[in-house]
Structures are given as structure tokens and as C-alpha cells.
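Colleague: Before I ask anything, let me first share the structure, which is written out below as C-alpha cells.
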Amino acid sequence: MAALLKSLVGASEKSARIAQLCRQEEALFQLLIEEKTGTDKNKKFVQDFKTLADVLIQEVIKHDFPELHGHICGEESNQFENKTLEVQVCATQQDTASLLFTILDRNRPAAELLAAAIHQEVVLQDPALDAVALAIPPERLAIWIDPIDSTNQYIRGQACVAPIGGICPSGLRSALVLIGAYDRSSGDPVLGVINEPFFREDPLTHRYLWQGVYHWGISYQGTSLSSLRRPPLCPKPSVVLSSSETPAIQRALRPLYGERLRFVSGAGYKMLCVILGLAEAYILSEGSTFKWDSCAPHAILRALGGGMVDLEAALQAWRAGQRGALPELTYHQPAGDAVGAERWANRGGLVAFMHREHLELVMATLATAAL
């Protein structure tokens with residue numbers, strides 16, 4: 001397990017580097033941005049996009065883990081219809097550079113720079129990773145990838161959004177690489193890696209050069225390990241919400257949170273805010289997130305003693321008098337009556353939480369509200 005975890009963290013670092021490189025040069029960045037249509041589109045957005053960085057990262061992770069072939073899935077297709085292209089990682093750096101040379105309108109320096117990042121060997125100096133001794137057979141696991149969560153914010157590229165209470169409401173900070181592993185049989189999240197490629201601007205240049213940071217967590221058969229410490233329960237809790245959250249949910253939550261309703265971009269980033277203790281919960285009443293959004297953060301939350309429940313199912317259980325374990329999200333079964341991306345939506349909404357005490361307050365509040 002230590003080897004797999006370290007490899008996934010290394011893959012997230014390589015992915016972060018690709019995301020940074022693709023964002024450094026605006027003219028190149030604009031070459032491959034495509035609007036999603038049909039069943040690939042997230043119904044929450046009027047427009048939904050993918051970028052070359054999204055596709056490259058997903059293909060890199062598939063390429064780097066041949067032992068999990070057929071069990072690595074993610075948000076993006078590797079085809080760009082507007083250029084009749086299929087993005088892939090080739091056997092050698094030179095071949096990948098040649099493919100990218102064609103994709104990037106024959107810009108050889110950019111193609112070679114990206115190919116070098118794709119084929120680089122990432123060396124991690126992390127004693128905490130080296131100390132992990134938990135053994136999980138790889139054949140029990142499958143992986144969900146969101147190569148760049150909050151793609152719309154990534155495209156807009158705002159680097160100087162001021163945080164409020166430690167939380168950036170929008171901007172590049174919300175663009176994350178999410179890699180989550182789950183148990184193929186139970187669907188439980190087991191391992192999560194969250195990489196923040198745009199954690200901090202380079203202090204010397206302050207323009208399109210960034211320093212990143214990663215976080216990881218494992219929750220498996222009673223063993224919990226993480227790169228983070230569990231944040232304490234906050235006496236004046238706040239909650240992160242989508243700006244499109246329903247008025248009914250907002251009204252129901254206001255007595256609990258007062259003016260501490262924080263409207264934030266990026267599903268993964270909102271979950272990360274809970275993981276870091278910047279908010280006590282992330283509540284979403286709609287089925288507008290997907291398994292690739294939630295798997296990695298869910299695993300880290302479980303490693304720290306928190307979790308992520310299916311809001312609709314949890315409310316049903318709470319109203320029926322259940323006060324024990326509430327139904328959490330699982331990751332192995334698609335919705336049988338849906339097509340395309342909707343097969344993997346978290347259709348009942350969700351509540352991401354760190355402390356059980358706070359989850360109970362949220363459930364008691366919402367269970368009696370007129371929603």
C-alpha cells in the first residue's frame with residue numbers, strides 16, 4: 001500500500017506540474033479548450049468545458065498504472081471533437097512530443113516541455129509516506145480521477161482572489177487534482193490524494209508560476225492514516241455552499257449558521273475546506289457532483305474521523321428515527337436508469353463533515369425544514 005500511495009501522490013505532483021505548465025502561456029492554453037455537449041455535460045452549468053490539461057492528466061495516470069488497467073476512470077474523454085484529435089501518452093517522450101507538436105499547432109517548445117513533464121520521474125522526499133505500512137491488494141481497488149476539478153475557474157485563471165476566513169470564494173486556488181481509490185466490492189473510499197497546484201504564487205515572479213501542496217489519507221479496515229491532523233470542532237461553525245444552492249436550503253441553514261454561509265467555487269475545494277477545518281460542513285441538495293469529485297476527499301475525511309453522507313438517503317433515515325450510522329456515498333455502482341456522466345452522479349446530494357456532532361445538527365435542522 002505504501003508503494004501505491006506514494007505512486008499516486010507522485011502522479012498528483014506530475015499532474016499538478018502539467019496543470020501549471022498549461023496555464024503559463026495564454027495563447028497555447030486557448031488552443032485546446034472545448035465545450036462539452038450531450039451526455040458528457042454537467043447539467044449544473046450553462047457551459048461546461050474541458051482543457052488539454054484535464055485530458056493529459058487523466059491519460060498520464062492511466063498510463064502510469066498499467067496494473068489497474070480497466071479500473072481507472074475519470075471525468076474526461078480523450079478526444080477533442082473540434083480538432084478531430086485523440087490525446088494519449090506514448091511509449092517514449094519523443095513520441096509524445098511529436099503527438100503534442102501536432103495538437104499544439106506545431107509549437108515545438110511547448111510540445112517538448114509538456115512531454116518532459118508527462119514522462120518525468122517524480123522523486124518524493126516525504127518520510128510520512130515512507131512510513132505507511134498498510135497492505136491492500138491492488139486487485140481490490142479501483143480509481144476515480146478528476147484531473148482538474150473546477151475547470152471553469154482554471155480557465156478563467158484568476159490568481160489574486162482574496163480569501164475570506166481562509167477560504168477563496170473563486171479563482172485558481174479552487175482548481176485541484178483529485179485521485180481517489182475505492183474498494184471494488186464494497187464501494188467504500190479507501191485512499192485519497194488532493195493536490196493544490198495553485199496553492200501559492202511564486203514569491204519571486206508573482207505571475208503564472210506557482211507552488212503547490214498535496215494532502216493524502218487512508219481509511220481501510222479500521223486503520224486511518226493522513227498527512228493532516230484532524231481540525232477541532234469550531235464553536236461558531238460555517239458552511240460552504242454552491243452559489244446555485246436552493247433558497248429553501250439557504251433559509252433552513254441560516255438559523256444554524258447566521259451570516260457564516262460561504263459561497264465557494266469547486267466541489268472538491270469545498271470538500272477540502274471541510275478537511276482543513278475552514279468550514280464545518282459542505283452541504284449540497286442537488287445531484288450535481290460526481291464520483292470523481294468526491295472519492296478522494298471522502299477517503300481523506302474518513303481517515304480524519306469525518307465522512308460524506310448521501311443527503312437524501314440520510315434525511316430519510318433520520319426522519320425514520322435512525323440516529324446511528326447514516327448512509328454514506330459509495331463509488332462502485334452506477335445509476336441504472338441514467339446515461340453518460342449522469343450514471344455516476346451523487347444524485348441524492350451530499351453532506352461532507354468532519355465531526356459527527358455537527359452532522360447531527362445539520363440533519364436535525366434539515367429534517368424539520370420545509371424543503
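By convention in this document, the chains of the C-alpha cells carry letters A, B, ... by their order, each chain's residues are numbered from 1, and ligands are numbered from 1 in the order they are shown.
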Excluding same-chain residues fewer than 2 positions from Tyr257 in chain A, what lies within 9 Å of it counting only C-alpha atoms, as a tab-separated table (two decimals) with N, CA, C and O atoms, in the first residue's frame?
Modeller:
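Produced file result-v4.tsv, reproduced below:
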chain	number	residue	atom	x	y	z
A	236	LYS	N	-18.21	28.37	16.52
A	236	LYS	CA	-19.05	29.19	15.63
A	236	LYS	C	-18.87	28.66	14.21
A	236	LYS	O	-18.08	29.18	13.42
A	237	PRO	N	-19.61	27.60	13.87
A	237	PRO	CA	-19.35	26.91	12.61
A	237	PRO	C	-19.79	27.71	11.39
A	237	PRO	O	-20.69	28.54	11.45
A	238	SER	N	-19.12	27.44	10.29
A	238	SER	CA	-19.53	27.97	8.98
A	238	SER	C	-19.77	26.78	8.05
A	238	SER	O	-19.36	25.65	8.34
A	239	VAL	N	-20.43	27.05	6.94
A	239	VAL	CA	-20.73	26.01	5.97
A	239	VAL	C	-20.40	26.55	4.59
A	239	VAL	O	-20.57	27.74	4.32
A	253	LEU	N	-30.78	26.70	6.65
A	253	LEU	CA	-29.47	26.67	7.31
A	253	LEU	C	-29.14	27.97	8.04
A	253	LEU	O	-28.29	27.97	8.93
A	254	ARG	N	-29.82	29.05	7.69
A	254	ARG	CA	-29.44	30.34	8.27
A	254	ARG	C	-29.56	30.39	9.79
A	254	ARG	O	-28.70	30.97	10.45
A	255	PRO	N	-30.59	29.79	10.42
A	255	PRO	CA	-30.63	29.80	11.89
A	255	PRO	C	-29.43	29.10	12.54
A	255	PRO	O	-29.02	29.47	13.63
A	259	GLU	N	-24.71	34.44	9.49
A	259	GLU	CA	-24.08	35.03	8.29
A	259	GLU	C	-22.87	34.21	7.82
A	259	GLU	O	-22.14	34.66	6.94
A	260	ARG	N	-22.66	33.05	8.40
A	260	ARG	CA	-21.49	32.24	8.06
A	260	ARG	C	-21.80	31.21	6.97
A	260	ARG	O	-21.32	30.08	7.01
A	261	LEU	N	-22.63	31.60	6.01
A	261	LEU	CA	-22.83	30.80	4.80
A	261	LEU	C	-21.81	31.27	3.77
A	261	LEU	O	-21.83	32.43	3.37
Colleague: What are the nearest atom pairs, with distances in Å to one decimal, for all residues of range 241-346 of chain A that come at most 7 Å from range 357-370 of chain A, using only C-alpha atoms, set out by chain and rising residue number as a Markdown table?
Modeller:
| residue | atom | partner | partner_atom | distance |
| --- | --- | --- | --- | --- |
| A:Ala252 | CA | A:Ala369 | CA | 5.9 |
| A:Leu315 | CA | A:Ala367 | CA | 6.0 |
| A:Arg319 | CA | A:Ala367 | CA | 6.3 |
Colleague: Quick one: residues within 12 Å of Thr92 in chain A, only C-alpha atoms, excluding same-chain residues fewer than 4 positions away - as a ChimeraX atom specification?
Modeller: /A:63,88,96-99,112,115-116,118-120
Colleague: Which value, in Å to one decimal, gives the distance between CA of Ala338 in chain A and CA of Ile194 in chain A?
Modeller: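 Distance reported for this atom pair: 28.3 Å.
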Colleague: So which bits of range 153-357 of chain A end up helix (DSSP H, G or I) when you DSSP the backbone, as a VMD selection string?
Modeller: chain A and resid 153 to 156 172 to 174 247 to 257 267 to 275 291 to 303 311 to 319 340 to 344 356 to 357
Colleague: Produce a file of the selected residues containing C-alpha atoms, as a PDB file, in the first residue's frame.
Modeller:
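As a result, again33.pdb now contains:
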ATOM      1  CA  GLN A 153     -12.096  28.594 -12.569  1.00  0.00           C
ATOM      2  CA  TYR A 154      -8.947  27.077 -14.093  1.00  0.00           C
ATOM      3  CA  ILE A 155      -9.880  28.542 -17.475  1.00  0.00           C
ATOM      4  CA  ARG A 156     -10.601  31.978 -16.028  1.00  0.00           C
ATOM      5  CA  LEU A 172      -7.229  29.274  -9.336  1.00  0.00           C
ATOM      6  CA  ARG A 173      -6.958  28.112  -5.719  1.00  0.00           C
ATOM      7  CA  SER A 174     -10.131  26.077  -6.258  1.00  0.00           C
ATOM      8  CA  PRO A 247     -33.226  29.264  -1.496  1.00  0.00           C
ATOM      9  CA  ALA A 248     -35.060  26.700   0.639  1.00  0.00           C
ATOM     10  CA  ILE A 249     -31.808  25.104   1.818  1.00  0.00           C
ATOM     11  CA  GLN A 250     -30.266  28.505   2.476  1.00  0.00           C
ATOM     12  CA  ARG A 251     -33.273  29.575   4.566  1.00  0.00           C
ATOM     13  CA  ALA A 252     -33.182  26.324   6.517  1.00  0.00           C
ATOM     14  CA  LEU A 253     -29.474  26.672   7.310  1.00  0.00           C
ATOM     15  CA  ARG A 254     -29.439  30.339   8.268  1.00  0.00           C
ATOM     16  CA  PRO A 255     -30.629  29.803  11.888  1.00  0.00           C
ATOM     17  CA  LEU A 256     -27.732  27.368  12.369  1.00  0.00           C
ATOM     18  CA  TYR A 257     -25.014  29.413  10.649  1.00  0.00           C
ATOM     19  CA  ALA A 267     -16.904  20.858  -5.363  1.00  0.00           C
ATOM     20  CA  GLY A 268     -13.502  19.421  -4.478  1.00  0.00           C
ATOM     21  CA  TYR A 269     -12.361  22.721  -3.000  1.00  0.00           C
ATOM     22  CA  LYS A 270     -15.479  22.949  -0.822  1.00  0.00           C
ATOM     23  CA  MET A 271     -14.730  19.442   0.455  1.00  0.00           C
ATOM     24  CA  LEU A 272     -11.118  20.457   1.074  1.00  0.00           C
ATOM     25  CA  CYS A 273     -12.346  23.403   3.165  1.00  0.00           C
ATOM     26  CA  VAL A 274     -14.043  20.889   5.479  1.00  0.00           C
ATOM     27  CA  ILE A 275     -10.930  18.687   5.568  1.00  0.00           C
ATOM     28  CA  LYS A 291     -17.942  10.072  -8.073  1.00  0.00           C
ATOM     29  CA  TRP A 292     -14.731  11.591  -9.438  1.00  0.00           C
ATOM     30  CA  ASP A 293     -15.400  14.778  -7.439  1.00  0.00           C
ATOM     31  CA  SER A 294     -15.994  13.127  -4.086  1.00  0.00           C
ATOM     32  CA  CYS A 295     -13.976   9.896  -3.879  1.00  0.00           C
ATOM     33  CA  ALA A 296     -10.585  11.393  -2.920  1.00  0.00           C
ATOM     34  CA  PRO A 297     -11.932  13.969  -0.409  1.00  0.00           C
ATOM     35  CA  HIS A 298     -14.247  11.348   1.084  1.00  0.00           C
ATOM     36  CA  ALA A 299     -11.330   8.999   1.762  1.00  0.00           C
ATOM     37  CA  ILE A 300      -9.371  11.779   3.494  1.00  0.00           C
ATOM     38  CA  LEU A 301     -12.396  12.799   5.564  1.00  0.00           C
ATOM     39  CA  ARG A 302     -12.835   9.191   6.727  1.00  0.00           C
ATOM     40  CA  ALA A 303      -9.151   8.992   7.582  1.00  0.00           C
ATOM     41  CA  LEU A 311     -28.165  13.787   1.841  1.00  0.00           C
ATOM     42  CA  GLU A 312     -31.442  12.380   0.512  1.00  0.00           C
ATOM     43  CA  ALA A 313     -30.891   8.908   1.981  1.00  0.00           C
ATOM     44  CA  ALA A 314     -29.595  10.326   5.265  1.00  0.00           C
ATOM     45  CA  LEU A 315     -32.654  12.555   5.678  1.00  0.00           C
ATOM     46  CA  GLN A 316     -34.942   9.600   5.049  1.00  0.00           C
ATOM     47  CA  ALA A 317     -33.090   7.592   7.695  1.00  0.00           C
ATOM     48  CA  TRP A 318     -33.096  10.484  10.179  1.00  0.00           C
ATOM     49  CA  ARG A 319     -36.829  11.107   9.761  1.00  0.00           C
ATOM     50  CA  GLY A 340     -23.412   9.239 -19.810  1.00  0.00           C
ATOM     51  CA  ALA A 341     -21.908  11.174 -16.923  1.00  0.00           C
ATOM     52  CA  GLU A 342     -25.206  11.100 -15.024  1.00  0.00           C
ATOM     53  CA  ARG A 343     -24.666   7.377 -14.331  1.00  0.00           C
ATOM     54  CA  TRP A 344     -22.009   8.435 -11.822  1.00  0.00           C
ATOM     55  CA  ARG A 356     -20.353  13.695  13.932  1.00  0.00           C
ATOM     56  CA  GLU A 357     -21.784  16.235  16.404  1.00  0.00           C
TER      57      GLU A 357
END
